[in-house]
>>> print(open('model.cif').read())   # mmCIF, C-alpha atoms
data_query
loop_
_atom_site.label_atom_id
_atom_site.label_comp_id
_atom_site.auth_asym_id
_atom_site.auth_seq_id
_atom_site.Cartn_x
_atom_site.Cartn_y
_atom_site.Cartn_z
CA MET Y 1 112.75 127.21 103.61
CA ASP Y 2 112.28 123.50 102.93
CA ARG Y 3 114.85 120.93 103.95
CA VAL Y 4 117.09 119.22 101.41
CA PHE Y 5 117.29 115.45 101.04
CA VAL Y 6 119.53 113.08 99.08
CA VAL Y 7 117.34 110.54 97.30
CA GLY Y 8 119.79 108.93 94.90
CA VAL Y 9 123.51 108.25 94.56
CA GLY Y 10 125.62 106.91 91.71
CA MET Y 11 129.35 106.24 91.36
CA THR Y 12 131.73 104.72 88.84
CA LYS Y 13 134.69 102.66 89.87
CA ILE Y 14 137.81 104.83 89.98
CA GLY Y 15 140.62 103.78 87.69
CA ARG Y 16 142.51 104.55 84.49
CA PHE Y 17 139.86 104.53 81.81
CA TYR Y 18 141.78 105.44 78.68
CA GLU Y 19 138.89 104.25 76.50
CA LYS Y 20 136.22 106.39 78.19
CA HIS Y 21 135.49 110.11 77.90
CA ALA Y 22 134.54 112.19 80.93
CA LYS Y 23 131.02 112.57 79.54
CA GLU Y 24 130.63 108.79 79.49
CA LEU Y 25 131.76 108.45 83.10
CA PHE Y 26 129.44 111.25 84.20
CA ALA Y 27 126.44 109.79 82.35
CA GLU Y 28 127.07 106.41 83.97
CA ALA Y 29 127.08 107.90 87.46
CA LEU Y 30 124.09 110.16 86.74
CA TRP Y 31 121.88 107.36 85.50
CA LYS Y 32 122.89 105.17 88.43
CA ALA Y 33 121.74 107.98 90.74
CA ILE Y 34 118.47 108.35 88.83
CA ASP Y 35 117.82 104.61 89.05
CA ASP Y 36 118.70 104.69 92.76
CA ALA Y 37 116.06 107.42 93.18
CA GLY Y 38 113.34 105.43 91.46
CA GLY Y 39 113.56 107.35 88.18
CA VAL Y 40 113.48 110.92 89.53
CA LYS Y 41 115.19 113.19 86.99
CA PRO Y 42 117.06 116.45 87.62
CA GLN Y 43 115.84 119.94 86.80
CA ALA Y 44 119.41 121.24 86.96
CA ILE Y 45 122.89 119.71 86.87
CA VAL Y 46 125.96 121.01 88.72
CA VAL Y 47 129.31 119.49 87.73
CA GLY Y 48 132.42 119.67 89.91
CA ASN Y 49 135.60 119.53 87.84
CA MET Y 50 139.13 120.94 88.07
CA THR Y 51 141.11 120.10 84.94
CA SER Y 52 138.86 119.83 81.88
CA SER Y 53 140.17 123.10 80.43
CA VAL Y 54 143.82 122.07 80.81
CA LEU Y 55 143.89 118.30 80.31
CA MET Y 56 140.90 117.86 77.99
CA GLN Y 57 140.91 121.29 76.32
CA GLN Y 58 137.19 121.28 77.05
CA ASP Y 59 135.10 124.09 78.47
CA SER Y 60 131.26 124.13 78.46
CA LEU Y 61 131.58 120.90 80.43
CA GLY Y 62 128.15 121.19 82.04
CA ALA Y 63 126.36 121.40 78.70
CA LEU Y 64 128.53 118.64 77.27
CA VAL Y 65 127.74 116.07 79.95
CA ALA Y 66 124.08 117.06 80.17
CA ASP Y 67 123.62 116.64 76.42
CA TYR Y 68 125.44 113.30 76.34
CA ALA Y 69 123.41 111.96 79.27
CA GLY Y 70 120.13 112.86 77.55
CA PHE Y 71 119.36 116.14 79.31
CA ARG Y 72 119.85 118.70 76.57
CA GLY Y 73 118.00 121.87 77.59
CA VAL Y 74 118.42 121.35 81.33
CA PRO Y 75 120.46 124.06 83.13
CA ALA Y 76 123.97 122.65 83.62
CA PHE Y 77 127.27 124.23 84.53
CA LYS Y 78 130.73 123.48 85.88
CA VAL Y 79 132.04 124.50 89.32
CA GLU Y 80 135.81 124.76 89.84
CA ALA Y 81 137.49 124.90 93.22
CA ALA Y 82 140.62 122.80 92.61
CA CYS Y 83 140.46 119.46 94.46
CA GLY Y 84 137.50 120.89 96.40
CA SER Y 85 135.36 121.24 93.27
CA GLY Y 86 133.04 118.41 94.28
CA GLY Y 87 132.38 119.87 97.71
CA VAL Y 88 131.73 123.32 96.29
CA ALA Y 89 129.44 121.78 93.65
CA LEU Y 90 127.48 120.26 96.54
CA TYR Y 91 127.36 123.71 98.18
CA THR Y 92 125.98 125.14 94.93
CA GLY Y 93 123.38 122.41 94.45
CA PHE Y 94 122.29 122.69 98.07
CA ALA Y 95 121.74 126.44 97.57
CA LEU Y 96 119.70 125.87 94.40
CA VAL Y 97 117.38 123.42 96.15
CA LYS Y 98 117.20 125.21 99.49
CA SER Y 99 116.28 128.50 97.82
CA GLY Y 100 113.59 126.92 95.66
CA VAL Y 101 115.28 127.71 92.35
CA ALA Y 102 115.01 124.00 91.48
CA ASP Y 103 113.20 121.13 93.18
CA VAL Y 104 115.54 118.38 91.96
CA VAL Y 105 119.24 118.94 91.33
CA ALA Y 106 121.91 116.47 90.27
CA VAL Y 107 125.23 117.36 91.89
CA GLY Y 108 128.06 115.52 90.23
CA GLY Y 109 131.79 115.47 89.88
CA VAL Y 110 133.93 114.06 87.12
CA GLU Y 111 137.64 114.01 86.35
CA LYS Y 112 139.85 112.47 83.66
CA LEU Y 113 143.38 112.63 84.97
CA THR Y 114 144.68 109.98 82.56
CA GLU Y 115 144.29 112.34 79.59
CA ALA Y 116 147.98 113.23 79.95
CA ASN Y 117 151.24 111.90 81.39
CA THR Y 118 152.12 112.23 85.08
CA GLU Y 119 154.31 115.30 84.56
CA THR Y 120 151.51 117.19 82.79
CA VAL Y 121 148.92 116.13 85.37
CA THR Y 122 151.22 117.21 88.22
CA ARG Y 123 151.61 120.60 86.56
CA ALA Y 124 147.83 120.93 86.09
CA LEU Y 125 147.16 120.10 89.73
CA ALA Y 126 149.85 122.55 90.84
CA GLN Y 127 147.85 125.37 89.26
CA ALA Y 128 145.77 125.41 92.44
CA ALA Y 129 148.82 126.93 94.12
CA ASP Y 130 149.87 130.56 93.67
CA ALA Y 131 150.81 130.97 89.99
CA ASP Y 132 153.25 133.85 90.48
CA TYR Y 133 155.00 132.92 93.71
CA GLU Y 134 154.79 129.11 93.86
CA VAL Y 135 153.98 127.44 90.54
CA PHE Y 136 156.44 129.68 88.65
CA TYR Y 137 159.28 128.29 90.78
CA GLY Y 138 158.31 124.67 90.18
CA VAL Y 139 156.37 123.88 93.31
CA THR Y 140 154.12 120.80 93.34
CA PHE Y 141 151.44 119.82 95.83
CA THR Y 142 153.51 116.87 96.88
CA GLY Y 143 156.34 119.31 97.64
CA LEU Y 144 154.12 121.64 99.64
CA ASN Y 145 152.68 118.78 101.67
CA ALA Y 146 156.16 117.33 102.16
CA MET Y 147 157.27 120.56 103.83
CA ILE Y 148 154.23 120.51 106.09
CA SER Y 149 154.83 116.83 106.88
CA ARG Y 150 158.41 117.51 107.92
CA LEU Y 151 157.37 120.48 110.06
CA TYR Y 152 154.61 118.42 111.71
CA MET Y 153 156.95 115.50 112.40
CA ASN Y 154 159.65 117.74 113.85
CA THR Y 155 157.21 119.80 115.92
CA PHE Y 156 155.38 116.85 117.47
CA ASN Y 157 158.16 114.24 117.41
CA TYR Y 158 156.64 111.68 115.03
CA THR Y 159 158.40 109.27 112.66
CA ASP Y 160 157.76 108.11 109.10
CA GLU Y 161 156.44 104.89 110.53
CA ASP Y 162 153.98 106.74 112.76
CA LEU Y 163 152.46 108.69 109.86
CA SER Y 164 152.44 105.60 107.63
CA LEU Y 165 149.80 103.95 109.81
CA TRP Y 166 147.16 106.02 108.03
CA PRO Y 167 147.70 104.64 104.49
CA LEU Y 168 148.08 101.16 105.98
CA LYS Y 169 144.56 101.35 107.40
CA MET Y 170 143.11 103.05 104.29
CA HIS Y 171 144.29 100.20 102.11
CA GLU Y 172 142.59 97.76 104.47
CA TYR Y 173 139.29 99.63 104.16
CA GLY Y 174 139.72 100.11 100.42
CA SER Y 175 140.14 96.36 99.92
CA TYR Y 176 136.41 96.00 100.69
CA ASN Y 177 135.26 98.84 98.38
CA PRO Y 178 134.18 97.75 94.86
CA TYR Y 179 134.57 101.36 93.64
CA ALA Y 180 138.14 101.77 94.91
CA GLN Y 181 141.07 102.38 92.60
CA LEU Y 182 143.48 100.52 94.90
CA PRO Y 183 141.35 97.76 96.45
CA ARG Y 184 144.13 95.84 98.11
CA LYS Y 185 145.75 95.61 101.50
CA THR Y 186 149.38 96.53 101.97
CA THR Y 187 152.04 96.31 104.67
CA LEU Y 188 153.97 98.87 106.65
CA GLU Y 189 157.16 97.57 105.05
CA GLU Y 190 155.76 98.09 101.55
CA ILE Y 191 154.71 101.63 102.41
CA LEU Y 192 158.07 102.57 103.92
CA ASN Y 193 159.97 101.03 101.00
CA SER Y 194 157.88 102.71 98.30
CA PRO Y 195 159.65 105.34 96.15
CA LEU Y 196 160.37 108.72 97.72
CA ILE Y 197 158.50 111.47 95.84
CA ALA Y 198 159.25 114.52 97.98
CA ASP Y 199 160.99 113.83 101.27
CA PRO Y 200 159.40 112.60 103.54
CA ILE Y 201 156.40 111.72 101.32
CA ARG Y 202 156.61 108.36 99.56
CA LEU Y 203 154.43 106.92 96.81
CA PHE Y 204 152.20 105.04 99.25
CA HIS Y 205 151.69 108.19 101.34
CA ALA Y 206 149.83 109.90 98.48
CA ALA Y 207 146.54 109.44 96.63
CA PRO Y 208 146.83 107.95 93.13
CA ILE Y 209 145.99 109.60 89.79
CA GLY Y 210 142.71 108.29 88.37
CA ASP Y 211 139.45 108.87 86.54
CA GLY Y 212 135.94 108.71 87.95
CA ALA Y 213 132.52 110.27 88.36
CA ALA Y 214 129.95 110.44 91.15
CA VAL Y 215 126.47 111.99 91.43
CA VAL Y 216 124.00 112.66 94.22
CA LEU Y 217 120.38 113.68 93.58
CA LEU Y 218 119.01 116.39 95.86
CA VAL Y 219 115.29 117.13 96.31
CA ARG Y 220 113.42 119.86 98.16
CA GLY Y 221 111.15 118.92 101.02
CA GLU Y 222 110.47 115.86 103.13
CA GLU Y 223 107.23 115.14 101.28
CA LYS Y 224 109.06 114.68 97.98
CA ALA Y 225 111.72 112.57 99.69
CA ARG Y 226 109.02 110.33 101.22
CA GLU Y 227 107.45 109.88 97.78
CA VAL Y 228 110.76 108.68 96.43
CA GLY Y 229 111.16 106.40 99.44
CA LYS Y 230 107.86 104.69 98.62
CA ILE Y 231 109.08 104.04 95.07
CA THR Y 232 112.46 102.72 96.14
CA GLY Y 233 111.24 100.88 99.24
CA ARG Y 234 113.56 102.81 101.56
CA ASP Y 235 112.09 103.96 104.86
CA THR Y 236 115.26 105.79 105.92
CA LEU Y 237 115.75 109.29 104.51
CA VAL Y 238 119.04 111.17 104.43
CA GLU Y 239 118.91 114.91 104.91
CA LEU Y 240 121.68 117.15 103.67
CA SER Y 241 121.48 119.42 106.67
CA THR Y 242 123.98 122.03 105.51
CA VAL Y 243 127.11 122.75 103.49
CA SER Y 244 129.63 125.42 104.46
CA VAL Y 245 132.59 126.73 102.46
CA ALA Y 246 135.55 128.84 103.61
CA THR Y 247 138.85 130.00 102.15
CA ASP Y 248 142.45 130.70 103.16
CA SER Y 249 145.36 132.25 101.28
CA VAL Y 250 146.37 130.53 98.05
CA ASP Y 251 150.08 130.98 98.77
CA MET Y 252 151.57 129.27 101.81
CA SER Y 253 153.97 132.09 102.71
CA THR Y 254 151.25 134.32 104.17
CA ARG Y 255 149.54 131.64 106.25
CA ARG Y 256 149.26 132.54 109.91
CA ASP Y 257 150.12 128.97 110.94
CA LEU Y 258 151.41 126.34 108.50
CA LEU Y 259 150.08 123.56 110.72
CA THR Y 260 146.52 124.90 110.87
CA MET Y 261 144.16 124.78 107.89
CA GLU Y 262 142.07 127.81 108.80
CA SER Y 263 139.51 127.29 106.03
CA THR Y 264 138.81 123.81 107.41
CA VAL Y 265 138.39 125.23 110.91
CA LEU Y 266 135.99 127.93 109.68
CA ALA Y 267 133.94 125.68 107.39
CA SER Y 268 133.54 122.92 109.97
CA ARG Y 269 132.49 125.26 112.77
CA SER Y 270 130.00 126.99 110.46
CA ALA Y 271 128.52 123.71 109.21
CA LEU Y 272 128.08 122.28 112.69
CA ALA Y 273 126.45 125.47 113.95
CA LYS Y 274 124.01 125.56 111.04
CA ALA Y 275 123.18 121.90 111.56
CA GLY Y 276 122.56 122.49 115.28
CA LEU Y 277 125.24 119.96 116.24
CA THR Y 278 128.56 119.83 118.04
CA ILE Y 279 131.62 117.90 116.94
CA LYS Y 280 130.76 115.22 119.53
CA ASP Y 281 127.47 114.52 117.71
CA ILE Y 282 129.16 113.29 114.53
CA ASP Y 283 129.15 109.51 114.08
CA TYR Y 284 130.82 109.07 110.71
CA VAL Y 285 133.33 111.11 108.66
CA GLU Y 286 134.77 111.05 105.15
CA LEU Y 287 137.72 113.43 105.20
CA HIS Y 288 140.22 114.63 102.61
CA ASP Y 289 143.42 112.56 102.88
CA ALA Y 290 145.26 113.30 99.64
CA PHE Y 291 148.44 112.76 101.70
CA HIS Y 292 148.91 111.12 105.09
CA ILE Y 293 149.64 114.51 106.66
CA THR Y 294 146.38 115.91 105.30
CA ALA Y 295 144.44 113.24 107.15
CA TYR Y 296 146.01 113.99 110.53
CA ALA Y 297 145.78 117.76 110.07
CA SER Y 298 142.13 117.39 109.04
CA LEU Y 299 141.24 115.38 112.15
CA GLU Y 300 142.73 118.14 114.25
CA ASP Y 301 141.30 121.12 112.41
CA LEU Y 302 137.84 119.60 112.15
CA GLY Y 303 137.94 119.37 115.94
CA PHE Y 304 138.24 115.62 116.49
CA ALA Y 305 141.72 115.77 118.02
CA PRO Y 306 143.87 118.38 119.79
CA LYS Y 307 146.68 119.89 117.71
CA GLY Y 308 149.53 117.42 117.34
CA MET Y 309 147.58 114.51 118.83
CA ALA Y 310 145.85 112.91 115.83
CA VAL Y 311 148.70 110.51 115.06
CA LYS Y 312 148.94 109.36 118.69
CA LEU Y 313 145.18 108.86 118.94
CA PHE Y 314 145.05 106.99 115.64
CA LYS Y 315 147.85 104.68 116.83
CA GLU Y 316 145.74 103.96 119.91
CA GLY Y 317 142.77 102.90 117.75
CA LYS Y 318 140.73 106.09 117.66
CA PHE Y 319 138.62 106.92 114.58
CA GLN Y 320 138.33 103.24 113.69
CA LYS Y 321 135.56 100.64 113.91
CA GLY Y 322 133.46 101.08 117.05
CA ASP Y 323 134.80 104.53 117.89
CA LYS Y 324 133.09 107.89 117.45
CA PRO Y 325 133.54 109.12 114.85
CA GLU Y 326 134.43 106.30 112.51
CA VAL Y 327 136.49 107.72 109.66
CA ASN Y 328 137.07 106.98 105.96
CA PHE Y 329 135.73 103.45 105.67
CA SER Y 330 135.70 104.00 101.90
CA GLY Y 331 139.48 103.82 101.95
CA GLY Y 332 139.68 107.57 101.57
CA LEU Y 333 141.44 109.40 98.78
CA LYS Y 334 144.45 107.18 99.49
CA ALA Y 335 142.85 103.87 98.46
CA ARG Y 336 139.41 104.69 97.06
CA GLY Y 337 141.12 107.20 94.78
CA HIS Y 338 141.11 110.92 94.12
CA PRO Y 339 139.65 111.98 90.75
CA VAL Y 340 140.01 115.49 92.05
CA GLY Y 341 136.85 117.32 90.96
CA ALA Y 342 134.69 114.32 91.80
CA THR Y 343 136.15 113.50 95.23
CA GLY Y 344 133.74 115.61 97.28
CA VAL Y 345 130.76 113.98 95.57
CA TYR Y 346 132.17 110.49 96.16
CA GLN Y 347 132.42 111.44 99.83
CA ALA Y 348 128.79 112.61 99.84
CA ALA Y 349 127.57 109.43 98.15
CA GLU Y 350 129.55 107.26 100.56
CA ALA Y 351 128.26 109.15 103.61
CA VAL Y 352 124.68 108.79 102.38
CA MET Y 353 125.07 105.05 101.83
CA GLN Y 354 126.66 104.60 105.26
CA LEU Y 355 123.66 106.38 106.81
CA ARG Y 356 121.24 104.25 104.78
CA GLY Y 357 123.16 101.11 105.72
CA ASP Y 358 123.78 99.96 102.14
CA PHE Y 359 127.39 100.94 101.50
CA PRO Y 360 128.90 97.95 99.65
CA GLY Y 361 132.29 98.17 101.37
CA PHE Y 362 133.45 98.35 105.00
CA LYS Y 363 130.35 99.36 106.95
CA ALA Y 364 130.01 101.90 109.74
CA SER Y 365 128.24 101.11 113.01
CA SER Y 366 124.71 102.40 112.23
CA PRO Y 367 125.55 106.13 112.19
CA GLU Y 368 122.86 108.76 112.70
CA THR Y 369 125.00 111.68 111.49
CA ALA Y 370 127.84 112.04 109.00
CA LEU Y 371 130.26 114.80 108.01
CA ILE Y 372 132.31 115.13 104.83
CA HIS Y 373 135.37 117.32 104.36
CA ASN Y 374 136.70 118.23 100.90
CA ILE Y 375 139.51 120.72 100.27
CA GLY Y 376 141.17 122.42 97.32
CA GLY Y 377 144.89 123.12 97.43
CA VAL Y 378 146.43 122.91 100.88
CA SER Y 379 142.99 123.78 102.28
CA THR Y 380 142.92 127.02 100.31
CA ILE Y 381 139.25 126.13 99.92
CA ALA Y 382 137.34 123.87 102.30
CA ALA Y 383 133.82 122.50 101.98
CA VAL Y 384 132.20 120.72 104.92
CA ALA Y 385 128.76 119.11 104.72
CA VAL Y 386 126.63 117.50 107.42
CA PHE Y 387 124.12 114.71 106.77
CA LYS Y 388 121.45 113.30 109.10
CA ARG Y 389 119.51 110.07 109.01
CA VAL Y 390 115.77 110.65 109.24
CA LYS Y 391 113.37 107.82 110.02
#
>>> encode(input="model.cif", output="structure tokens")
Amino acid sequence: MDRVFVVGVGMTKIGRFYEKHAKELFAEALWKAIDDAGGVKPQAIVVGNMTSSVLMQQDSLGALVADYAGFRGVPAFKVEAACGSGGVALYTGFALVKSGVADVVAVGGVEKLTEANTETVTRALAQAADADYEVFYGVTFTGLNAMISRLYMNTFNYTDEDLSLWPLKMHEYGSYNPYAQLPRKTTLEEILNSPLIADPIRLFHAAPIGDGAAVVLLVRGEEKAREVGKITGRDTLVELSTVSVATDSVDMSTRRDLLTMESTVLASRSALAKAGLTIKDIDYVELHDAFHITAYASLEDLGFAPKGMAVKLFKEGKFQKGDKPEVNFSGGLKARGHPVGATGVYQAAEAVMQLRGDFPGFKASSPETALIHNIGGVSTIAAVAVFKRVK
């Protein structure tokens, strides 16, 4: 089967766009991706989204955004996998192109989380937990991650200040990113004095609520990718080598180990094997850091740090500029923002631009390979994709 390449990317700034509909955000990102690809148009559209049914009372989202963007008649459908919807949309689009079902596929993600108040949005996001045994009793994702944070801190003897170093660095990176929702630096004092949401998680330990859309254009075969490169003047191609998806239990009570995200472990090992790489071959990473604890657990379960060591290594300067891998120069979910169904596609677009060398924010050190990690729930679903730069 032919290889799959990313020839165009498009993103909107993440923010609170009360005046814009999701279809407007998606169309903006889609046409940016088409322009970035020299005018190449999709034969199919896959849309990652979590909350349109609940917050917008809108199903048939794929047809809606396709029609609004000027692609009535083109196959288009929504993929839902909670906060991992974007990553699973990428998995779906990759399969469509790799199998030859379509030669050009637009994989996008869009979310409008400002359609309702914070309480309603929190409830909608909580629906990714177990409805009968968790949501029914009032659990929130902040609450679940707070319990894991406390267990992690107690098990490995870390403090609030230790874990707060992650959002501190993400805000620094995000200050360079024109697409970021929170493009400003902060201080450790500001983080530690921010309001407590669910002990020990504070406001600045968590990703914000926001709206946004991102799109990547996938094509089948190196020949087609080279043709696009001639139009756009780009000699460097980016191959989407593989995407793997794995699952864990929805409820936390039946997890084998609360400090191990097994779906992340399985998806990352599968993706690396399919790409013919080891974890040591990865130069750049965009990982899912909806909370500070998620970032550290992800570094460990992806294989970049031994269990319980990610915080210590990060304090020592690992995973930052000049190291391998460099991680989350976008600012991550924490500062770039987390429009949940679109997050995985933002990560893909950012990884592609880092490999091409034209990311408009904090730049990586000429990476040859990149990995993205997008999860739904507390890693109930994990999608891991590997990209390679091809000259």
>>> resolve_selection(input="model.cif", expression="the PyMOL selection byres ((chain Y and resi 299) around 12)", output="number ranges by chain")
Y: 166, 260-261, 264-265, 268, 279, 285-289, 292-298, 300-314, 318-319, 325-328, 371-373
>>> write_last_selection(input="model.cif", atoms="C-alpha atoms", output="PDB file, in the frame of the given file")
ATOM      1  CA  TRP Y 166     147.160 106.020 108.030  1.00  0.00           C
ATOM      2  CA  THR Y 260     146.520 124.900 110.870  1.00  0.00           C
ATOM      3  CA  MET Y 261     144.160 124.780 107.890  1.00  0.00           C
ATOM      4  CA  THR Y 264     138.810 123.810 107.410  1.00  0.00           C
ATOM      5  CA  VAL Y 265     138.390 125.230 110.910  1.00  0.00           C
ATOM      6  CA  SER Y 268     133.540 122.920 109.970  1.00  0.00           C
ATOM      7  CA  ILE Y 279     131.620 117.900 116.940  1.00  0.00           C
ATOM      8  CA  VAL Y 285     133.330 111.110 108.660  1.00  0.00           C
ATOM      9  CA  GLU Y 286     134.770 111.050 105.150  1.00  0.00           C
ATOM     10  CA  LEU Y 287     137.720 113.430 105.200  1.00  0.00           C
ATOM     11  CA  HIS Y 288     140.220 114.630 102.610  1.00  0.00           C
ATOM     12  CA  ASP Y 289     143.420 112.560 102.880  1.00  0.00           C
ATOM     13  CA  HIS Y 292     148.910 111.120 105.090  1.00  0.00           C
ATOM     14  CA  ILE Y 293     149.640 114.510 106.660  1.00  0.00           C
ATOM     15  CA  THR Y 294     146.380 115.910 105.300  1.00  0.00           C
ATOM     16  CA  ALA Y 295     144.440 113.240 107.150  1.00  0.00           C
ATOM     17  CA  TYR Y 296     146.010 113.990 110.530  1.00  0.00           C
ATOM     18  CA  ALA Y 297     145.780 117.760 110.070  1.00  0.00           C
ATOM     19  CA  SER Y 298     142.130 117.390 109.040  1.00  0.00           C
ATOM     20  CA  GLU Y 300     142.730 118.140 114.250  1.00  0.00           C
ATOM     21  CA  ASP Y 301     141.300 121.120 112.410  1.00  0.00           C
ATOM     22  CA  LEU Y 302     137.840 119.600 112.150  1.00  0.00           C
ATOM     23  CA  GLY Y 303     137.940 119.370 115.940  1.00  0.00           C
ATOM     24  CA  PHE Y 304     138.240 115.620 116.490  1.00  0.00           C
ATOM     25  CA  ALA Y 305     141.720 115.770 118.020  1.00  0.00           C
ATOM     26  CA  PRO Y 306     143.870 118.380 119.790  1.00  0.00           C
ATOM     27  CA  LYS Y 307     146.680 119.890 117.710  1.00  0.00           C
ATOM     28  CA  GLY Y 308     149.530 117.420 117.340  1.00  0.00           C
ATOM     29  CA  MET Y 309     147.580 114.510 118.830  1.00  0.00           C
ATOM     30  CA  ALA Y 310     145.850 112.910 115.830  1.00  0.00           C
ATOM     31  CA  VAL Y 311     148.700 110.510 115.060  1.00  0.00           C
ATOM     32  CA  LYS Y 312     148.940 109.360 118.690  1.00  0.00           C
ATOM     33  CA  LEU Y 313     145.180 108.860 118.940  1.00  0.00           C
ATOM     34  CA  PHE Y 314     145.050 106.990 115.640  1.00  0.00           C
ATOM     35  CA  LYS Y 318     140.730 106.090 117.660  1.00  0.00           C
ATOM     36  CA  PHE Y 319     138.620 106.920 114.580  1.00  0.00           C
ATOM     37  CA  PRO Y 325     133.540 109.120 114.850  1.00  0.00           C
ATOM     38  CA  GLU Y 326     134.430 106.300 112.510  1.00  0.00           C
ATOM     39  CA  VAL Y 327     136.490 107.720 109.660  1.00  0.00           C
ATOM     40  CA  ASN Y 328     137.070 106.980 105.960  1.00  0.00           C
ATOM     41  CA  LEU Y 371     130.260 114.800 108.010  1.00  0.00           C
ATOM     42  CA  ILE Y 372     132.310 115.130 104.830  1.00  0.00           C
ATOM     43  CA  HIS Y 373     135.370 117.320 104.360  1.00  0.00           C
TER      44      HIS Y 373
END
>>> resolve_selection(input="model.cif", expression="the PyMOL selection byres ((chain Y and resi 352) around 10)", output="NGL selection string")
:Y and (6-9 or 216 or 237-240 or 346-351 or 353-359 or 369-371 or 387-389)
>>> residues_near_point(input="model.cif", point="(140.4, 116.8, 95.8)", cutoff="7 Å", atoms="all atoms listed in the file", output="MDAnalysis selection string")
chainID Y and resid 82:84 338 340:341 343:344 374:376
>>> write_last_selection(input="model.cif", atoms="C-alpha atoms", output="PDB file, keeping the file's coordinate frame")
ATOM      1  CA  ALA Y  82     140.620 122.800  92.610  1.00  0.00           C
ATOM      2  CA  CYS Y  83     140.460 119.460  94.460  1.00  0.00           C
ATOM      3  CA  GLY Y  84     137.500 120.890  96.400  1.00  0.00           C
ATOM      4  CA  HIS Y 338     141.110 110.920  94.120  1.00  0.00           C
ATOM      5  CA  VAL Y 340     140.010 115.490  92.050  1.00  0.00           C
ATOM      6  CA  GLY Y 341     136.850 117.320  90.960  1.00  0.00           C
ATOM      7  CA  THR Y 343     136.150 113.500  95.230  1.00  0.00           C
ATOM      8  CA  GLY Y 344     133.740 115.610  97.280  1.00  0.00           C
ATOM      9  CA  ASN Y 374     136.700 118.230 100.900  1.00  0.00           C
ATOM     10  CA  ILE Y 375     139.510 120.720 100.270  1.00  0.00           C
ATOM     11  CA  GLY Y 376     141.170 122.420  97.320  1.00  0.00           C
TER      12      GLY Y 376
END
>>> atom_distance(input="model.cif", atom1="atom CA of Y:Gly361", atom2="atom CA of Y:Thr236")
19.2 Å
>>> axis_aligned_box(input="model.cif", around="stretch 138-144 of chain Y", padding_each_side="8 Å", output="lines of an AutoDock Vina configuration file")
center_x = 154.9
center_y = 120.8
center_z = 94.9
size_x = 22.9
size_y = 23.8
size_z = 25.5
>>> atom_distance(input="model.cif", atom1="atom CA of Y:Gly109", atom2="atom CA of Y:Phe26")
7.5 Å
>>> closest_residue(input="model.cif", among="Y:Met50, Y:Met153, Y:Ala385, Y:Ala146", to="Y:Tyr284", atoms="all atoms listed in the file")
Y:Ala385
>>> resolve_selection(input="model.cif", expression="the PyMOL selection byres ((chain Y and resi 217-222) around 6)", output="tab-separated table (two decimals) with C-alpha atoms, in the frame of the given file")
chain	number	residue	atom	x	y	z
Y	2	ASP	CA	112.28	123.50	102.93
Y	3	ARG	CA	114.85	120.93	103.95
Y	4	VAL	CA	117.09	119.22	101.41
Y	5	PHE	CA	117.29	115.45	101.04
Y	6	VAL	CA	119.53	113.08	99.08
Y	7	VAL	CA	117.34	110.54	97.30
Y	8	GLY	CA	119.79	108.93	94.90
Y	97	VAL	CA	117.38	123.42	96.15
Y	103	ASP	CA	113.20	121.13	93.18
Y	104	VAL	CA	115.54	118.38	91.96
Y	105	VAL	CA	119.24	118.94	91.33
Y	106	ALA	CA	121.91	116.47	90.27
Y	216	VAL	CA	124.00	112.66	94.22
Y	223	GLU	CA	107.23	115.14	101.28
Y	224	LYS	CA	109.06	114.68	97.98
Y	225	ALA	CA	111.72	112.57	99.69
>>> closest_residue(input="model.cif", among="Y:Ala89, Y:Met11, Y:Ala246, Y:Leu168", to="Y:Leu192", atoms="all atoms listed in the file")
Y:Leu168
>>> closest_residue(input="model.cif", among="Y:Gly212, Y:Gly143, Y:Gly317, Y:Gly377", to="Y:Ser249", atoms="all atoms listed in the file")
Y:Gly377
>>> closest_residue(input="model.cif", among="Y:Ala27, Y:Ala129, Y:Leu61, Y:Ala66", to="Y:Ala44", atoms="all atoms listed in the file")
Y:Ala66
>>> residues_around(input="model.cif", residues="Y:Phe17", least_positions_apart="3", cutoff="9 Å", atoms="all atoms listed in the file", output="list in words")
Ile14, Lys20, His21, Lys112, Thr114, Gly210, Asp211 and Gly212 of chain Y
>>> atom_distance(input="model.cif", atom1="atom CA of Y:Ala63", atom2="atom CA of Y:Ala76")
5.6 Å
>>> residues_around(input="model.cif", residues="stretch 91-95 of chain Y", least_positions_apart="3", cutoff="7 Å", atoms="all atoms listed in the file", output="ChimeraX atom specification")
/Y:46,87-88,98-99,105,107,243-244
>>> closest_residue(input="model.cif", among="Y:Asp281, Y:Asp160, Y:Ala342, Y:Phe136", to="Y:Asn49", atoms="only C-alpha atoms")
Y:Ala342
>>> residues_around(input="model.cif", residues="Y:Gly73", least_positions_apart="4", cutoff="12 Å", atoms="only C-alpha atoms", output="list in words")
Pro42, Gln43, Ala44, Ile45, Gly62, Ala63, Leu64, Val65, Ala66, Asp67, Tyr68, Ala69 and Phe77 of chain Y
>>> residues_around(input="model.cif", residues="Y:Gln57", least_positions_apart="3", cutoff="12 Å", atoms="only C-alpha atoms", output="list in words")
Met50, Thr51, Ser52, Ser53, Val54, Ser60, Leu61, Lys112, Glu115, Ala116 and Ala124 of chain Y
>>> write_last_selection(input="model.cif", atoms="C-alpha atoms", output="short mmCIF file (atom, residue, chain, number, x, y, z; two decimals), in the frame of the given file")
data_model
loop_
_atom_site.label_atom_id
_atom_site.label_comp_id
_atom_site.auth_asym_id
_atom_site.auth_seq_id
_atom_site.Cartn_x
_atom_site.Cartn_y
_atom_site.Cartn_z
CA MET Y 50 139.13 120.94 88.07
CA THR Y 51 141.11 120.10 84.94
CA SER Y 52 138.86 119.83 81.88
CA SER Y 53 140.17 123.10 80.43
CA VAL Y 54 143.82 122.07 80.81
CA SER Y 60 131.26 124.13 78.46
CA LEU Y 61 131.58 120.90 80.43
CA LYS Y 112 139.85 112.47 83.66
CA GLU Y 115 144.29 112.34 79.59
CA ALA Y 116 147.98 113.23 79.95
CA ALA Y 124 147.83 120.93 86.09
#
